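Asker: This is the structure, below, for whatever I ask next.
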Amino acid sequence: MTIDPVLLHKYNVPVPRYTSYPTVPCWNDHIDASRWTSLFQQQFSEQNRRKGISLYLHLPFCESLCTYCGCNKKITTNHSVENEYLQAIITEWSLYRQLMTEAPVIREMHLGGGTPTFFSPRNLEKLINAITKDAIVHPDHEFSIEGHPNNTTKEHMETLYQHGFRRISFGVQDNDPTVQRIINRIQPFENVQRVTEQARAIGFTAVNFDLIYGLPLQTCSSIEKSILQSLQLKPDRVAFYSYAHVPWTSRGQRLFDENDLPGAELKMELYQTGRKLFVDHGYTDIGMDHFALPGDALHTAWQQGTLHRNFMGYTTQHSGLLLGLGVSAISDAGIAFAQNHKTLHDYYKCLTSPNPILPSEGVGRYAGSDSHPSLIFPVTKGYFLTGEDEAFRSYILDVICRGKTTFQADHLPVLRQYTFPELALLETDQLITWNEKELQVTDKGRHFLRNICKAFDMHLLRRQANAEKPLYSKAI
């Protein structure tokens, strides 16, 4: 299906990516850590045996700065930082283990960054062993890692494979040398080919590529060549992300001459070019920038209506409890979110408290042994969901993952005030069909999921009603 350029223009407005609801800008700058840890313990008791838990481990170090990147990262070539950081994560994990009344059932583990393959294979093994010690790895687990083609070695992948990892995602971004130079991501295609072939030879069942459109100096011909080159390697899944230019939060982006960025018209052409190439090569547009080949687990979950979405993006797992470990990592307990400190200094400070204190003397503290003085859970920011938040989060997840939702009668007053007027406009453009009982996303509407989700974002709609400043990047 060709997407109408007029619709692309109309719906290219600032909206969230909905990896959470409420979205991060709505969260409180400070969190009651005692309430968080109590709620975590409660949710663990309810979810662990039934569904297991998911883990996200944030490994922030990179040897060089990719200027497009908006992630929390630390640039260094000093690999001596590895041991201190890994010990901090292991210490944080030990704090959460104190809250667990039984062995955790690990359903999902993802190592993200930064550059996880900055760490040596030996140190990654040390980390994984520490996490899985005295834990139960679920028979249907999914372990995955993000790898940089330049520094991911065969030894990295062999070590990960031996510890249950079967999915690896490589940050390709763009193969064009001109684009690579301006974003400071010099990465020969031969390296992408090498690691892809090695991963498959070792036994990885899924190799994913991340590609970006909207980067400086990209053209339709250059992105076409880059994508076709990547598709020669037949990645099982592709995340085709829109570059979000937010130099006010990502200082590296200030190095760009904004005249080198594609304008709105060209950026839409870049998206259309990429999407057509993926579809023409047999990929299914799962939605929200994700494409998958038939047979990939994501494609199967999409067909069966079992997709889930969290801070790691689309996933086939839905454990009900996602624990984020590491600097800036985010946890999702279903009815609450918590984010760790964003700086290494503050993160380390919480986990290496020099002065023993009693648990009652501070929120979120854990009385350690004589060899480990009292430590502080490193959470700093978060949000506890209201009943309305939980309900509308469910609607948003239904739209993103299943393309349909059913309305609850007791929500109708709020739906009529805020949501239904939005739905009427979306229906005019044939993006949805709906009545006061249910909503169905059309084939055309699947390309505008973020815009449809906005109709259920009470925080955003109320901000707009008060004419407040937008907080998000545009949808296209």
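Chain labels follow the order of the structure tokens: the first chain is A, the next B, and so on; residue numbering restarts at 1 in every chain, and ligands are counted from 1 in their shown order.
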DSSP on the backbone, then: every residue of region 66-232 of chain A marked strand (DSSP E), written as a ChimeraX atom specification.
Answerer: /A:74-75,105-113,136-147,165-173,206-213
Asker: Would you put the residues from that selection into a file with C-alpha atoms, as a CSV table (one decimal), in the first residue's frame?
Answerer:
```csv
chain,number,residue,atom,x,y,z
A,74,LYS,CA,29.6,7.7,28.4
A,75,ILE,CA,32.4,8.1,25.9
A,105,VAL,CA,12.1,-16.8,36.8
A,106,ILE,CA,13.9,-14.9,34.1
A,107,ARG,CA,11.8,-14.8,31.0
A,108,GLU,CA,13.6,-12.0,29.1
A,109,MET,CA,17.0,-10.3,29.3
A,110,HIS,CA,18.3,-7.5,27.0
A,111,LEU,CA,21.7,-5.9,27.1
A,112,GLY,CA,21.5,-2.4,25.7
A,113,GLY,CA,23.6,0.7,25.6
A,136,ILE,CA,15.5,-19.9,37.0
A,137,VAL,CA,15.9,-19.3,33.3
A,138,HIS,CA,12.5,-19.9,31.7
A,139,PRO,CA,12.4,-22.6,29.0
A,140,ASP,CA,10.9,-20.1,26.6
A,141,HIS,CA,13.3,-17.2,27.5
A,142,GLU,CA,14.5,-14.6,25.0
A,143,PHE,CA,17.9,-13.2,25.6
A,144,SER,CA,19.2,-10.5,23.3
A,145,ILE,CA,22.0,-7.9,23.0
A,146,GLU,CA,22.8,-4.8,20.9
A,147,GLY,CA,26.1,-5.1,19.2
A,165,PHE,CA,21.4,-15.6,23.8
A,166,ARG,CA,19.8,-16.2,20.4
A,167,ARG,CA,19.0,-12.7,19.2
A,168,ILE,CA,21.5,-10.0,18.4
A,169,SER,CA,20.7,-6.5,17.0
A,170,PHE,CA,23.4,-4.6,15.1
A,171,GLY,CA,23.3,-0.8,14.8
A,172,VAL,CA,23.8,-0.3,11.1
A,173,GLN,CA,22.2,3.1,10.9
A,206,ALA,CA,17.7,-13.9,14.8
A,207,VAL,CA,19.8,-11.1,13.5
A,208,ASN,CA,18.3,-7.6,13.6
A,209,PHE,CA,19.4,-4.4,12.0
A,210,ASP,CA,18.7,-0.8,13.2
A,211,LEU,CA,18.5,1.7,10.3
A,212,ILE,CA,17.8,5.4,10.6
A,213,TYR,CA,16.1,7.8,8.1
```
Asker: Within 12 Å of region 80-101 of chain A, which residues of region 266-343 of chain A come that close, and what is the closest atom pair and distance in Å for each? Count only C-alpha atoms and give it as JSON lines.
Answerer:
```
{"residue": "A:Leu323", "atom": "CA", "partner": "A:Tyr96", "partner_atom": "CA", "distance": 9.1}
{"residue": "A:Gly324", "atom": "CA", "partner": "A:Trp93", "partner_atom": "CA", "distance": 9.5}
{"residue": "A:Leu325", "atom": "CA", "partner": "A:Ile89", "partner_atom": "CA", "distance": 6.1}
{"residue": "A:Gly326", "atom": "CA", "partner": "A:Ile89", "partner_atom": "CA", "distance": 5.5}
{"residue": "A:Val327", "atom": "CA", "partner": "A:Ile89", "partner_atom": "CA", "distance": 8.6}
{"residue": "A:Ser328", "atom": "CA", "partner": "A:Ile89", "partner_atom": "CA", "distance": 11.7}
{"residue": "A:Ala329", "atom": "CA", "partner": "A:Ile89", "partner_atom": "CA", "distance": 10.6}
{"residue": "A:Ser331", "atom": "CA", "partner": "A:Tyr96", "partner_atom": "CA", "distance": 11.7}
{"residue": "A:Asn340", "atom": "CA", "partner": "A:Glu92", "partner_atom": "CA", "distance": 10.5}
```
Asker: Quick one: pull the distance between CA of Trp36 (chain A) and CA of Pro60 (chain A), Å, one decimal.
Answerer: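 CA of Pro60 (chain A) lies at a distance of 24.1 Å from CA of Trp36 (chain A).
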Asker: Among region 4-185 of chain A, which ones does DSSP place in alpha helix (DSSP H), written as a PDB file with N, CA and C atoms, in the first residue's frame?
Answerer:
```
ATOM      1  N   PRO A   5       0.935  11.043   0.534  1.00  0.00           N
ATOM      2  CA  PRO A   5       1.803  12.096   1.091  1.00  0.00           C
ATOM      3  C   PRO A   5       1.029  13.170   1.842  1.00  0.00           C
ATOM      4  N   VAL A   6      -0.214  13.423   1.418  1.00  0.00           N
ATOM      5  CA  VAL A   6      -1.030  14.425   2.103  1.00  0.00           C
ATOM      6  C   VAL A   6      -1.290  13.995   3.552  1.00  0.00           C
ATOM      7  N   LEU A   7      -1.576  12.699   3.737  1.00  0.00           N
ATOM      8  CA  LEU A   7      -1.795  12.199   5.092  1.00  0.00           C
ATOM      9  C   LEU A   7      -0.510  12.244   5.912  1.00  0.00           C
ATOM     10  N   LEU A   8       0.615  11.923   5.277  1.00  0.00           N
ATOM     11  CA  LEU A   8       1.889  11.984   5.987  1.00  0.00           C
ATOM     12  C   LEU A   8       2.145  13.397   6.519  1.00  0.00           C
ATOM     13  N   HIS A   9       1.862  14.381   5.698  1.00  0.00           N
ATOM     14  CA  HIS A   9       2.028  15.779   6.138  1.00  0.00           C
ATOM     15  C   HIS A   9       1.066  16.102   7.274  1.00  0.00           C
ATOM     16  N   LYS A  10      -0.175  15.678   7.111  1.00  0.00           N
ATOM     17  CA  LYS A  10      -1.204  16.023   8.091  1.00  0.00           C
ATOM     18  C   LYS A  10      -0.885  15.446   9.461  1.00  0.00           C
ATOM     19  N   ALA A  33      11.058   6.121  47.037  1.00  0.00           N
ATOM     20  CA  ALA A  33      11.727   4.844  46.825  1.00  0.00           C
ATOM     21  C   ALA A  33      11.165   3.740  47.706  1.00  0.00           C
ATOM     22  N   SER A  34      10.722   4.085  48.920  1.00  0.00           N
ATOM     23  CA  SER A  34      10.116   3.072  49.790  1.00  0.00           C
ATOM     24  C   SER A  34       8.826   2.533  49.176  1.00  0.00           C
ATOM     25  N   ARG A  35       8.025   3.425  48.638  1.00  0.00           N
ATOM     26  CA  ARG A  35       6.788   2.992  47.986  1.00  0.00           C
ATOM     27  C   ARG A  35       7.109   2.146  46.763  1.00  0.00           C
ATOM     28  N   TRP A  36       8.145   2.558  46.005  1.00  0.00           N
ATOM     29  CA  TRP A  36       8.534   1.806  44.817  1.00  0.00           C
ATOM     30  C   TRP A  36       8.983   0.389  45.182  1.00  0.00           C
ATOM     31  N   THR A  37       9.866   0.254  46.153  1.00  0.00           N
ATOM     32  CA  THR A  37      10.380  -1.064  46.494  1.00  0.00           C
ATOM     33  C   THR A  37       9.287  -1.956  47.075  1.00  0.00           C
ATOM     34  N   SER A  38       8.371  -1.366  47.822  1.00  0.00           N
ATOM     35  CA  SER A  38       7.247  -2.135  48.355  1.00  0.00           C
ATOM     36  C   SER A  38       6.356  -2.641  47.227  1.00  0.00           C
ATOM     37  N   LEU A  39       6.095  -1.766  46.261  1.00  0.00           N
ATOM     38  CA  LEU A  39       5.259  -2.149  45.134  1.00  0.00           C
ATOM     39  C   LEU A  39       5.971  -3.189  44.270  1.00  0.00           C
ATOM     40  N   PHE A  40       7.289  -3.028  44.086  1.00  0.00           N
ATOM     41  CA  PHE A  40       8.050  -4.020  43.324  1.00  0.00           C
ATOM     42  C   PHE A  40       7.925  -5.395  43.971  1.00  0.00           C
ATOM     43  N   GLN A  41       8.079  -5.434  45.277  1.00  0.00           N
ATOM     44  CA  GLN A  41       7.999  -6.709  45.992  1.00  0.00           C
ATOM     45  C   GLN A  41       6.619  -7.345  45.817  1.00  0.00           C
ATOM     46  N   GLN A  42       5.591  -6.520  45.875  1.00  0.00           N
ATOM     47  CA  GLN A  42       4.228  -7.007  45.690  1.00  0.00           C
ATOM     48  C   GLN A  42       4.035  -7.574  44.287  1.00  0.00           C
ATOM     49  N   GLN A  43       4.483  -6.829  43.280  1.00  0.00           N
ATOM     50  CA  GLN A  43       4.315  -7.278  41.902  1.00  0.00           C
ATOM     51  C   GLN A  43       5.148  -8.519  41.611  1.00  0.00           C
ATOM     52  N   PHE A  44       6.329  -8.590  42.195  1.00  0.00           N
ATOM     53  CA  PHE A  44       7.158  -9.787  42.001  1.00  0.00           C
ATOM     54  C   PHE A  44       6.424 -11.020  42.524  1.00  0.00           C
ATOM     55  N   SER A  45       5.844 -10.907  43.695  1.00  0.00           N
ATOM     56  CA  SER A  45       5.134 -12.040  44.290  1.00  0.00           C
ATOM     57  C   SER A  45       3.969 -12.480  43.415  1.00  0.00           C
ATOM     58  N   GLU A  46       3.320 -11.519  42.755  1.00  0.00           N
ATOM     59  CA  GLU A  46       2.156 -11.833  41.931  1.00  0.00           C
ATOM     60  C   GLU A  46       2.542 -12.360  40.553  1.00  0.00           C
ATOM     61  N   GLN A  47       3.661 -11.859  39.991  1.00  0.00           N
ATOM     62  CA  GLN A  47       3.981 -12.128  38.592  1.00  0.00           C
ATOM     63  C   GLN A  47       5.020 -13.230  38.372  1.00  0.00           C
ATOM     64  N   ASN A  48       5.904 -13.450  39.340  1.00  0.00           N
ATOM     65  CA  ASN A  48       7.078 -14.278  39.070  1.00  0.00           C
ATOM     66  C   ASN A  48       6.720 -15.700  38.639  1.00  0.00           C
ATOM     67  N   ARG A  49       5.916 -16.389  39.422  1.00  0.00           N
ATOM     68  CA  ARG A  49       5.581 -17.771  39.077  1.00  0.00           C
ATOM     69  C   ARG A  49       4.658 -17.854  37.874  1.00  0.00           C
ATOM     70  N   ARG A  50       3.823 -16.839  37.727  1.00  0.00           N
ATOM     71  CA  ARG A  50       2.827 -16.863  36.650  1.00  0.00           C
ATOM     72  C   ARG A  50       3.449 -16.549  35.297  1.00  0.00           C
ATOM     73  N   LYS A  51       4.297 -15.501  35.248  1.00  0.00           N
ATOM     74  CA  LYS A  51       4.837 -15.046  33.967  1.00  0.00           C
ATOM     75  C   LYS A  51       6.357 -14.931  33.947  1.00  0.00           C
ATOM     76  N   VAL A  81      37.119   0.870  33.202  1.00  0.00           N
ATOM     77  CA  VAL A  81      35.837   1.239  33.807  1.00  0.00           C
ATOM     78  C   VAL A  81      34.881   0.052  33.880  1.00  0.00           C
ATOM     79  N   GLU A  82      35.186  -1.006  33.136  1.00  0.00           N
ATOM     80  CA  GLU A  82      34.254  -2.128  33.052  1.00  0.00           C
ATOM     81  C   GLU A  82      33.985  -2.766  34.406  1.00  0.00           C
ATOM     82  N   ASN A  83      35.042  -3.050  35.169  1.00  0.00           N
ATOM     83  CA  ASN A  83      34.868  -3.785  36.426  1.00  0.00           C
ATOM     84  C   ASN A  83      34.042  -3.015  37.443  1.00  0.00           C
ATOM     85  N   GLU A  84      34.316  -1.719  37.586  1.00  0.00           N
ATOM     86  CA  GLU A  84      33.566  -0.918  38.558  1.00  0.00           C
ATOM     87  C   GLU A  84      32.082  -0.875  38.196  1.00  0.00           C
ATOM     88  N   TYR A  85      31.799  -0.713  36.914  1.00  0.00           N
ATOM     89  CA  TYR A  85      30.405  -0.606  36.504  1.00  0.00           C
ATOM     90  C   TYR A  85      29.672  -1.930  36.695  1.00  0.00           C
ATOM     91  N   LEU A  86      30.313  -3.023  36.298  1.00  0.00           N
ATOM     92  CA  LEU A  86      29.666  -4.321  36.448  1.00  0.00           C
ATOM     93  C   LEU A  86      29.398  -4.639  37.917  1.00  0.00           C
ATOM     94  N   GLN A  87      30.337  -4.272  38.777  1.00  0.00           N
ATOM     95  CA  GLN A  87      30.126  -4.511  40.200  1.00  0.00           C
ATOM     96  C   GLN A  87      28.929  -3.712  40.709  1.00  0.00           C
ATOM     97  N   ALA A  88      28.749  -2.485  40.181  1.00  0.00           N
ATOM     98  CA  ALA A  88      27.606  -1.667  40.597  1.00  0.00           C
ATOM     99  C   ALA A  88      26.289  -2.321  40.176  1.00  0.00           C
ATOM    100  N   ILE A  89      26.231  -2.828  38.948  1.00  0.00           N
ATOM    101  CA  ILE A  89      25.004  -3.499  38.488  1.00  0.00           C
ATOM    102  C   ILE A  89      24.723  -4.738  39.332  1.00  0.00           C
ATOM    103  N   ILE A  90      25.770  -5.507  39.611  1.00  0.00           N
ATOM    104  CA  ILE A  90      25.594  -6.719  40.407  1.00  0.00           C
ATOM    105  C   ILE A  90      25.115  -6.360  41.816  1.00  0.00           C
ATOM    106  N   THR A  91      25.650  -5.269  42.369  1.00  0.00           N
ATOM    107  CA  THR A  91      25.200  -4.808  43.686  1.00  0.00           C
ATOM    108  C   THR A  91      23.731  -4.391  43.634  1.00  0.00           C
ATOM    109  N   GLU A  92      23.367  -3.659  42.591  1.00  0.00           N
ATOM    110  CA  GLU A  92      21.958  -3.255  42.456  1.00  0.00           C
ATOM    111  C   GLU A  92      21.054  -4.482  42.364  1.00  0.00           C
ATOM    112  N   TRP A  93      21.457  -5.474  41.585  1.00  0.00           N
ATOM    113  CA  TRP A  93      20.685  -6.714  41.455  1.00  0.00           C
ATOM    114  C   TRP A  93      20.539  -7.389  42.821  1.00  0.00           C
ATOM    115  N   SER A  94      21.615  -7.368  43.619  1.00  0.00           N
ATOM    116  CA  SER A  94      21.555  -8.002  44.940  1.00  0.00           C
ATOM    117  C   SER A  94      20.552  -7.287  45.845  1.00  0.00           C
ATOM    118  N   LEU A  95      20.400  -5.973  45.680  1.00  0.00           N
ATOM    119  CA  LEU A  95      19.402  -5.238  46.467  1.00  0.00           C
ATOM    120  C   LEU A  95      17.996  -5.709  46.112  1.00  0.00           C
ATOM    121  N   TYR A  96      17.740  -5.836  44.816  1.00  0.00           N
ATOM    122  CA  TYR A  96      16.411  -6.307  44.404  1.00  0.00           C
ATOM    123  C   TYR A  96      16.185  -7.766  44.802  1.00  0.00           C
ATOM    124  N   ARG A  97      17.255  -8.556  44.789  1.00  0.00           N
ATOM    125  CA  ARG A  97      17.100  -9.955  45.195  1.00  0.00           C
ATOM    126  C   ARG A  97      16.650 -10.050  46.649  1.00  0.00           C
ATOM    127  N   GLN A  98      17.037  -9.057  47.472  1.00  0.00           N
ATOM    128  CA  GLN A  98      16.603  -9.049  48.866  1.00  0.00           C
ATOM    129  C   GLN A  98      15.082  -8.886  48.978  1.00  0.00           C
ATOM    130  N   LEU A  99      14.486  -8.312  47.940  1.00  0.00           N
ATOM    131  CA  LEU A  99      13.036  -8.096  47.947  1.00  0.00           C
ATOM    132  C   LEU A  99      12.267  -9.303  47.416  1.00  0.00           C
ATOM    133  N   PRO A 121      34.248 -10.106  26.377  1.00  0.00           N
ATOM    134  CA  PRO A 121      33.432 -11.312  26.530  1.00  0.00           C
ATOM    135  C   PRO A 121      33.486 -11.876  27.948  1.00  0.00           C
ATOM    136  N   ARG A 122      34.668 -11.829  28.546  1.00  0.00           N
ATOM    137  CA  ARG A 122      34.821 -12.354  29.903  1.00  0.00           C
ATOM    138  C   ARG A 122      33.965 -11.568  30.892  1.00  0.00           C
ATOM    139  N   ASN A 123      33.927 -10.248  30.753  1.00  0.00           N
ATOM    140  CA  ASN A 123      33.136  -9.442  31.684  1.00  0.00           C
ATOM    141  C   ASN A 123      31.641  -9.598  31.441  1.00  0.00           C
ATOM    142  N   LEU A 124      31.243  -9.750  30.183  1.00  0.00           N
ATOM    143  CA  LEU A 124      29.827 -10.020  29.914  1.00  0.00           C
ATOM    144  C   LEU A 124      29.411 -11.349  30.539  1.00  0.00           C
ATOM    145  N   GLU A 125      30.288 -12.324  30.449  1.00  0.00           N
ATOM    146  CA  GLU A 125      30.007 -13.621  31.062  1.00  0.00           C
ATOM    147  C   GLU A 125      29.892 -13.484  32.580  1.00  0.00           C
ATOM    148  N   LYS A 126      30.762 -12.712  33.165  1.00  0.00           N
ATOM    149  CA  LYS A 126      30.715 -12.464  34.613  1.00  0.00           C
ATOM    150  C   LYS A 126      29.374 -11.855  35.010  1.00  0.00           C
ATOM    151  N   LEU A 127      28.914 -10.890  34.218  1.00  0.00           N
ATOM    152  CA  LEU A 127      27.647 -10.225  34.509  1.00  0.00           C
ATOM    153  C   LEU A 127      26.476 -11.193  34.390  1.00  0.00           C
ATOM    154  N   ILE A 128      26.436 -11.940  33.304  1.00  0.00           N
ATOM    155  CA  ILE A 128      25.314 -12.864  33.077  1.00  0.00           C
ATOM    156  C   ILE A 128      25.278 -13.943  34.149  1.00  0.00           C
ATOM    157  N   ASN A 129      26.447 -14.457  34.518  1.00  0.00           N
ATOM    158  CA  ASN A 129      26.499 -15.477  35.568  1.00  0.00           C
ATOM    159  C   ASN A 129      25.994 -14.930  36.894  1.00  0.00           C
ATOM    160  N   ALA A 130      26.352 -13.685  37.204  1.00  0.00           N
ATOM    161  CA  ALA A 130      25.909 -13.083  38.465  1.00  0.00           C
ATOM    162  C   ALA A 130      24.397 -12.902  38.481  1.00  0.00           C
ATOM    163  N   ILE A 131      23.826 -12.563  37.341  1.00  0.00           N
ATOM    164  CA  ILE A 131      22.376 -12.348  37.265  1.00  0.00           C
ATOM    165  C   ILE A 131      21.624 -13.673  37.341  1.00  0.00           C
ATOM    166  N   THR A 132      22.122 -14.685  36.663  1.00  0.00           N
ATOM    167  CA  THR A 132      21.381 -15.954  36.572  1.00  0.00           C
ATOM    168  C   THR A 132      21.678 -16.909  37.728  1.00  0.00           C
ATOM    169  N   LYS A 154      33.851 -12.592  17.374  1.00  0.00           N
ATOM    170  CA  LYS A 154      33.342 -13.963  17.387  1.00  0.00           C
ATOM    171  C   LYS A 154      33.294 -14.487  18.809  1.00  0.00           C
ATOM    172  N   GLU A 155      34.295 -14.114  19.611  1.00  0.00           N
ATOM    173  CA  GLU A 155      34.330 -14.553  21.007  1.00  0.00           C
ATOM    174  C   GLU A 155      33.154 -13.975  21.796  1.00  0.00           C
ATOM    175  N   HIS A 156      32.808 -12.706  21.528  1.00  0.00           N
ATOM    176  CA  HIS A 156      31.619 -12.126  22.160  1.00  0.00           C
ATOM    177  C   HIS A 156      30.409 -13.017  21.900  1.00  0.00           C
ATOM    178  N   MET A 157      30.172 -13.317  20.642  1.00  0.00           N
ATOM    179  CA  MET A 157      28.954 -14.028  20.266  1.00  0.00           C
ATOM    180  C   MET A 157      28.963 -15.474  20.728  1.00  0.00           C
ATOM    181  N   GLU A 158      30.118 -16.123  20.720  1.00  0.00           N
ATOM    182  CA  GLU A 158      30.192 -17.495  21.221  1.00  0.00           C
ATOM    183  C   GLU A 158      29.882 -17.536  22.715  1.00  0.00           C
ATOM    184  N   THR A 159      30.415 -16.567  23.453  1.00  0.00           N
ATOM    185  CA  THR A 159      30.150 -16.488  24.895  1.00  0.00           C
ATOM    186  C   THR A 159      28.668 -16.267  25.166  1.00  0.00           C
ATOM    187  N   LEU A 160      28.062 -15.334  24.441  1.00  0.00           N
ATOM    188  CA  LEU A 160      26.643 -15.039  24.628  1.00  0.00           C
ATOM    189  C   LEU A 160      25.778 -16.238  24.260  1.00  0.00           C
ATOM    190  N   TYR A 161      26.129 -16.896  23.172  1.00  0.00           N
ATOM    191  CA  TYR A 161      25.352 -18.060  22.735  1.00  0.00           C
ATOM    192  C   TYR A 161      25.362 -19.149  23.802  1.00  0.00           C
ATOM    193  N   GLN A 162      26.521 -19.360  24.410  1.00  0.00           N
ATOM    194  CA  GLN A 162      26.641 -20.386  25.446  1.00  0.00           C
ATOM    195  C   GLN A 162      25.779 -20.070  26.666  1.00  0.00           C
ATOM    196  N   PRO A 177      29.227   6.224   3.135  1.00  0.00           N
ATOM    197  CA  PRO A 177      30.409   6.810   3.787  1.00  0.00           C
ATOM    198  C   PRO A 177      30.255   8.298   4.106  1.00  0.00           C
ATOM    199  N   THR A 178      29.558   9.037   3.241  1.00  0.00           N
ATOM    200  CA  THR A 178      29.371  10.470   3.484  1.00  0.00           C
ATOM    201  C   THR A 178      28.520  10.703   4.734  1.00  0.00           C
ATOM    202  N   VAL A 179      27.441   9.943   4.853  1.00  0.00           N
ATOM    203  CA  VAL A 179      26.577  10.059   6.033  1.00  0.00           C
ATOM    204  C   VAL A 179      27.327   9.577   7.269  1.00  0.00           C
ATOM    205  N   GLN A 180      28.061   8.491   7.130  1.00  0.00           N
ATOM    206  CA  GLN A 180      28.809   7.957   8.267  1.00  0.00           C
ATOM    207  C   GLN A 180      29.808   8.978   8.818  1.00  0.00           C
ATOM    208  N   ARG A 181      30.445   9.695   7.927  1.00  0.00           N
ATOM    209  CA  ARG A 181      31.438  10.682   8.392  1.00  0.00           C
ATOM    210  C   ARG A 181      30.772  11.797   9.182  1.00  0.00           C
ATOM    211  N   ILE A 182      29.631  12.286   8.717  1.00  0.00           N
ATOM    212  CA  ILE A 182      29.020  13.439   9.384  1.00  0.00           C
ATOM    213  C   ILE A 182      28.389  13.041  10.723  1.00  0.00           C
TER     214      ILE A 182
END
```
Asker: Between CA of Leu298 (chain A) and CA of Phe392 (chain A), what is the distance, to one decimal in Å?
Answerer: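 These atoms are spaced 24.1 Å apart.
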Asker: With only C-alpha atoms as the basis for distance, which of A:Leu322, A:Ala409, A:Leu461, A:Met312 is at the shortest distance from Ser54 (chain A)?
Answerer: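 Answer, going by the shortest atom-to-atom distance: A:Leu322.
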Asker: Using only C-alpha atoms, what table do you get, as CSV, when you list each residue of region 295-360 of chain A with an atom no more than 9 Å from region 218-240 of chain A, its nearest pair of atoms, and their distance in Å rounded to one decimal, rows by chain then rising number?
Answerer:
```
residue,atom,partner,partner_atom,distance
A:Gly295,CA,A:Asp236,CA,8.4
A:Asp296,CA,A:Asp236,CA,6.1
A:Leu298,CA,A:Arg237,CA,8.1
A:His299,CA,A:Arg237,CA,8.9
```
Asker: Could the residues in this selection be written to a file with N, CA and C atoms, as a PDB file, in the first residue's frame?
Answerer:
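Output file again-v7.pdb follows:
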```
ATOM      1  N   GLY A 295       8.094 -15.809   9.687  1.00  0.00           N
ATOM      2  CA  GLY A 295       8.919 -16.785  10.395  1.00  0.00           C
ATOM      3  C   GLY A 295       9.640 -16.192  11.580  1.00  0.00           C
ATOM      4  N   ASP A 296       9.887 -14.871  11.553  1.00  0.00           N
ATOM      5  CA  ASP A 296      10.470 -14.232  12.724  1.00  0.00           C
ATOM      6  C   ASP A 296       9.438 -14.223  13.851  1.00  0.00           C
ATOM      7  N   LEU A 298       8.653 -12.048  15.964  1.00  0.00           N
ATOM      8  CA  LEU A 298       7.856 -10.821  16.042  1.00  0.00           C
ATOM      9  C   LEU A 298       6.701 -10.879  15.055  1.00  0.00           C
ATOM     10  N   HIS A 299       6.980 -11.397  13.861  1.00  0.00           N
ATOM     11  CA  HIS A 299       5.935 -11.533  12.841  1.00  0.00           C
ATOM     12  C   HIS A 299       4.865 -12.511  13.309  1.00  0.00           C
TER      13      HIS A 299
END
```
Asker: Write out as number ranges by chain the residues lying within 12 Å of Gly214 (chain A), counting only C-alpha atoms and excluding same-chain residues fewer than 3 positions away.
Answerer: A: 68, 173-174, 179, 183, 211, 217-220, 222-223, 240-245, 258, 260-274, 474, 476
Asker: Just how far from CA of Gly164 (chain A) is CA of Tyr56 (chain A), in Å to one decimal?
Answerer: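 Computing the Euclidean distance for CA of Tyr56 (chain A) and CA of Gly164 (chain A) yields 15.3 Å.
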Asker: Measuring atom to atom with only C-alpha atoms, identify which of A:Leu415, A:Leu321, A:Ile432, A:Leu344 is nearest to Phe61 (chain A).
Answerer: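 Looking only at the distances to Phe61 (chain A), the closest residue turns out to be A:Leu344.
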Asker: Name the residues in contact with Gln303 (chain A) at a cut-off of 12 Å, using only C-alpha atoms, excluding same-chain residues fewer than 5 positions from it; report them as a list in words.
Answerer: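 Near neighbours after the sequence-gap exclusion: Thr284, Asp285, Ile286, Ala292, Leu293, Pro294, Gly295, Asp296, Ala297, Leu298, Thr316, Cys401, Arg402 and Gly403 of chain A.
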Asker: Compile the contact shell of Tyr395 (chain A) as a compact mmCIF listing (two decimals) with C-alpha atoms, in the first residue's frame: residues with an atom at most 12 Å away, counting only C-alpha atoms, same-chain residues fewer than 4 positions apart removed.
Answerer:
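What follows is the written file out39.txt:
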```txt
# COMPACT_ATOMS: atom_id res chain seq x y z
CA TYR A 18 4.53 5.08 23.49
CA TYR A 21 2.15 5.34 29.25
CA GLU A 388 -7.37 6.09 34.68
CA ASP A 389 -3.73 5.71 33.64
CA GLU A 390 -3.98 1.91 33.83
CA ALA A 391 -7.14 1.86 31.73
CA VAL A 399 -3.89 -0.27 19.45
CA ILE A 400 -0.10 -0.63 19.10
CA CYS A 401 0.04 -4.40 19.43
CA ARG A 402 -3.30 -5.70 18.18
CA GLY A 403 -4.78 -2.95 16.07
CA LYS A 404 -8.06 -2.91 17.97
CA THR A 405 -9.53 -2.27 21.39
CA THR A 406 -12.82 -2.51 23.28
CA PHE A 407 -14.08 0.35 25.44
CA GLN A 408 -15.20 -0.07 29.04
CA HIS A 411 -14.73 5.11 30.89
CA LEU A 415 -13.75 8.97 26.26
CA THR A 419 -11.04 10.59 22.83
CA GLU A 438 -14.86 -0.68 20.09
CA LEU A 439 -12.20 0.52 17.66
CA GLN A 440 -10.50 -1.20 14.74
CA ILE A 452 -4.13 6.89 16.84
CA CYS A 453 -2.62 6.24 20.28
CA LYS A 454 -2.61 9.99 20.88
CA ALA A 455 -6.42 9.84 21.04
CA PHE A 456 -6.06 7.88 24.30
CA ASP A 457 -3.26 9.97 25.80
CA MET A 458 -5.13 11.89 28.45
```
Asker: Leaving out Gly313 (chain A) and any residue of its chain fewer than 4 positions from it, which residues lie within 10 Å of it when counting only C-alpha atoms, given as a list of chain:residue names?
Answerer: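 Listing them by chain and then by number gives A:Arg17, A:Tyr18, A:Thr19, A:Ser20, A:Ala239, A:Met288, A:Asp289, A:His290, A:His308, A:Arg309.
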